[in-house]
Structure formats: structure tokens, C-alpha cells
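Asker: Please read through the structure below; I'll follow up with questions.
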Amino acid sequence: VQLQASGGGLVQAGGSLRLSCAASGDTFSSYDMGWFRQAPGKEREFVGALAWNGGYTYFLDSVKGRFTISRDNAKNTVYLQMSSLKREDTAVYYCAAGRRGLTYGSRRYAENEYFYWGQGTLVTVSS
């Protein structure tokens, strides 16, 4: 599976942005999808994940209520909708594909559970 993330950019604090991750090369609907981010000078961290059928999501505490993840299996695309953005959300955001069911368990946070990664898209939140 090849993943292509897009939609990053510069946004003011309090604003919204939607990231997209387009997949090609394999059966997209077979994979749970995760979003991670890496802020300047920090390690990459888990942001959220969505089950293969769109039926379950899980988020980092700091983004709960502000971020949502959805997918359109017909378009082979997963989305990260970000609202009420804060300066601390500034990071390079990555999408990743993992095994079916990963979102339901404690391993959803683990980068090595995700087989395929997109190239990252930069989100900058200004004050």
C-alpha cells in the first residue's frame, strides 16, 4: 500500500484543517488507519486511529473532542479533521496503515504495528 498525505498548511489558532491520506496499491478497506505527528524537537506520537470499517475511533487525550477521523473506502482515503487548533498541534502529520482490528487494542499506539506510512504533511498553527 502506498499512502499519500496532503492538506497541511498554515492556520491560525482556533481554526480548522482537514488532512487527507490517499491509498493505492492494495485493499485499503482491509486496514485500520492511524494518524501520528511529530512536533519540532520531539518524538513522533500517536494522534488517533480508525477501524477498518469506520466503526471505532480512538484518540490521544489532548485532541479528543477536537479531532475526528473518517474514511471513504470507495475513494481509498482517510481524513483527519482538526478543529480548535492550538499552537501545540504544530507538527508533521503522518498517516499509517495497520492490521485490521488494531484500533481496538492497546497496540494501536505502537508505530511498529503499522505496516505502511505516508510521507507526512506539515501543519503549522500560528497564534
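Ordering of the C-alpha cells sets the chain letters (A, B, ...); residue numbers start at 1 within each chain; ligands are numbered from 1 in the order shown.
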Within 9 Å of stretch 18-30 of chain A, counting only C-alpha atoms, which residues show up once you throw out same-chain ones fewer than 2 positions away? Write them as a PyMOL selection string, please.
Answerer: chain A and resi 1-8+16+32+52-53+72-83+93-100+118+121
Asker: Store the residues of this selection in a file with N, CA and C atoms, as a tab-separated table (two decimals), in the first residue's frame.
Answerer:
```tsv
chain	number	residue	atom	x	y	z
A	1	VAL	N	0.84	-1.19	0.00
A	1	VAL	CA	0.00	0.00	0.00
A	1	VAL	C	0.88	1.25	0.00
A	2	GLN	N	0.57	2.16	-0.87
A	2	GLN	CA	1.25	3.46	-0.87
A	2	GLN	C	0.28	4.49	-0.32
A	3	LEU	N	0.79	5.31	0.57
A	3	LEU	CA	-0.03	6.33	1.21
A	3	LEU	C	0.51	7.71	0.88
A	4	GLN	N	-0.39	8.62	0.58
A	4	GLN	CA	-0.02	9.99	0.23
A	4	GLN	C	-0.84	10.94	1.09
A	5	ALA	N	-0.18	11.59	2.03
A	5	ALA	CA	-0.86	12.55	2.88
A	5	ALA	C	-0.81	13.94	2.27
A	6	SER	N	-1.87	14.69	2.49
A	6	SER	CA	-1.94	16.05	1.97
A	6	SER	C	-2.88	16.88	2.84
A	7	GLY	N	-2.89	18.19	2.56
A	7	GLY	CA	-3.81	19.07	3.26
A	7	GLY	C	-3.21	19.93	4.34
A	8	GLY	N	-1.94	19.74	4.62
A	8	GLY	CA	-1.30	20.55	5.62
A	8	GLY	C	-1.15	22.00	5.18
A	16	SER	N	-9.48	25.52	11.69
A	16	SER	CA	-9.69	24.11	11.34
A	16	SER	C	-8.90	23.77	10.09
A	32	ASP	N	-6.81	-1.00	9.34
A	32	ASP	CA	-7.07	0.09	10.26
A	32	ASP	C	-6.10	1.21	9.93
A	52	TRP	N	-10.99	-0.47	10.45
A	52	TRP	CA	-11.09	-0.73	9.02
A	52	TRP	C	-12.48	-0.45	8.47
A	53	ASN	N	-13.51	-0.67	9.31
A	53	ASN	CA	-14.89	-0.46	8.85
A	53	ASN	C	-15.45	0.89	9.27
A	72	ASP	N	-13.32	6.99	3.61
A	72	ASP	CA	-14.19	6.69	2.48
A	72	ASP	C	-13.52	5.54	1.74
A	73	ASN	N	-13.96	4.35	2.00
A	73	ASN	CA	-13.31	3.18	1.40
A	73	ASN	C	-13.49	3.14	-0.11
A	74	ALA	N	-14.54	3.76	-0.60
A	74	ALA	CA	-14.76	3.80	-2.05
A	74	ALA	C	-13.70	4.68	-2.73
A	75	LYS	N	-13.21	5.66	-1.99
A	75	LYS	CA	-12.19	6.57	-2.53
A	75	LYS	C	-10.79	6.23	-2.02
A	76	ASN	N	-10.70	5.17	-1.22
A	76	ASN	CA	-9.40	4.78	-0.65
A	76	ASN	C	-8.73	5.93	0.08
A	77	THR	N	-9.50	6.64	0.86
A	77	THR	CA	-8.99	7.84	1.53
A	77	THR	C	-9.45	7.88	2.98
A	78	VAL	N	-8.54	8.31	3.83
A	78	VAL	CA	-8.87	8.55	5.23
A	78	VAL	C	-8.60	10.02	5.52
A	79	TYR	N	-9.40	10.58	6.40
A	79	TYR	CA	-9.33	12.01	6.70
A	79	TYR	C	-9.09	12.24	8.18
A	80	LEU	N	-8.36	13.28	8.46
A	80	LEU	CA	-8.20	13.77	9.83
A	80	LEU	C	-8.72	15.19	9.86
A	81	GLN	N	-9.88	15.37	10.46
A	81	GLN	CA	-10.47	16.69	10.60
A	81	GLN	C	-10.02	17.27	11.93
A	82	MET	N	-9.37	18.43	11.86
A	82	MET	CA	-8.83	19.06	13.06
A	82	MET	C	-9.53	20.40	13.26
A	83	SER	N	-10.04	20.61	14.45
A	83	SER	CA	-10.73	21.84	14.78
A	83	SER	C	-10.15	22.42	16.06
A	93	TYR	N	2.34	15.68	10.23
A	93	TYR	CA	1.34	14.64	10.45
A	93	TYR	C	1.52	13.51	9.44
A	94	TYR	N	1.48	12.30	9.96
A	94	TYR	CA	1.66	11.11	9.14
A	94	TYR	C	0.44	10.20	9.23
A	95	CYS	N	0.06	9.63	8.12
A	95	CYS	CA	-0.95	8.58	8.15
A	95	CYS	C	-0.23	7.24	8.02
A	96	ALA	N	-0.87	6.22	8.54
A	96	ALA	CA	-0.27	4.89	8.53
A	96	ALA	C	-1.36	3.83	8.48
A	97	ALA	N	-1.03	2.70	7.90
A	97	ALA	CA	-1.98	1.59	7.77
A	97	ALA	C	-1.50	0.41	8.60
A	98	GLY	N	-2.41	-0.13	9.39
A	98	GLY	CA	-2.10	-1.27	10.24
A	98	GLY	C	-3.11	-2.38	10.06
A	99	ARG	N	-2.88	-3.47	10.77
A	99	ARG	CA	-3.73	-4.64	10.60
A	99	ARG	C	-5.16	-4.36	11.04
A	100	ARG	N	-6.06	-5.10	10.49
A	100	ARG	CA	-7.46	-4.99	10.86
A	100	ARG	C	-7.64	-5.29	12.34
A	118	GLY	N	2.62	7.15	5.16
A	118	GLY	CA	2.69	8.24	4.21
A	118	GLY	C	3.90	9.11	4.49
A	121	THR	N	2.73	15.47	6.25
A	121	THR	CA	2.31	16.79	5.78
A	121	THR	C	2.37	17.75	6.97
```
Asker: If you run DSSP on this backbone, which residues of chain A come out as helix (DSSP H, G or I), and could you give them as a list of chain:residue names?
Answerer: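 Here is the list: A:Phe28, A:Ser29, A:Ser30, A:Asp61, A:Ser62, A:Val63, A:Arg87, A:Glu88, A:Asp89, A:Leu102, A:Thr103, A:Tyr104, A:Ser106, A:Arg107, A:Arg108, A:Tyr109, A:Glu111, A:Asn112, A:Glu113.
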Asker: Write down as a count of residues only the residues belonging to stretch 23-100 of chain A that are assigned strand (DSSP E or B) by DSSP computed on the backbone.
Answerer: 38
Asker: Please provide the set of residues having any atom within 12 Å of A:Gly41, restricted to only C-alpha atoms, with same-chain residues fewer than 6 positions apart removed, written as a compact mmCIF listing (two decimals) with N, CA, C and O atoms, in the first residue's frame.
Answerer:
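File result_21.txt, as written:
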```txt
# COMPACT_ATOMS: atom_id res chain seq x y z
N THR A 90 1.07 22.06 16.17
CA THR A 90 2.04 22.22 15.09
C THR A 90 2.95 21.00 15.02
O THR A 90 3.57 20.62 16.00
N ALA A 91 2.97 20.38 13.84
CA ALA A 91 3.74 19.14 13.68
C ALA A 91 3.65 18.69 12.23
O ALA A 91 2.83 19.18 11.45
N VAL A 92 4.48 17.73 11.91
CA VAL A 92 4.31 16.98 10.67
C VAL A 92 3.39 15.80 10.99
O VAL A 92 3.65 15.05 11.94
```
Asker: Taking only C-alpha atoms into account, name the residue in A:Gly15, A:Gln38, A:Glu88, A:Val47 that is nearest to A:Thr68.
Answerer: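 Closest to A:Thr68, using only C-alpha atoms: A:Val47.
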Asker: Between atom CA of A:Gly54 and atom CA of A:Gly14, what is the spacing in Å?
Answerer: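 Separating atom CA of A:Gly14 from atom CA of A:Gly54 is a distance of 26.8 Å.
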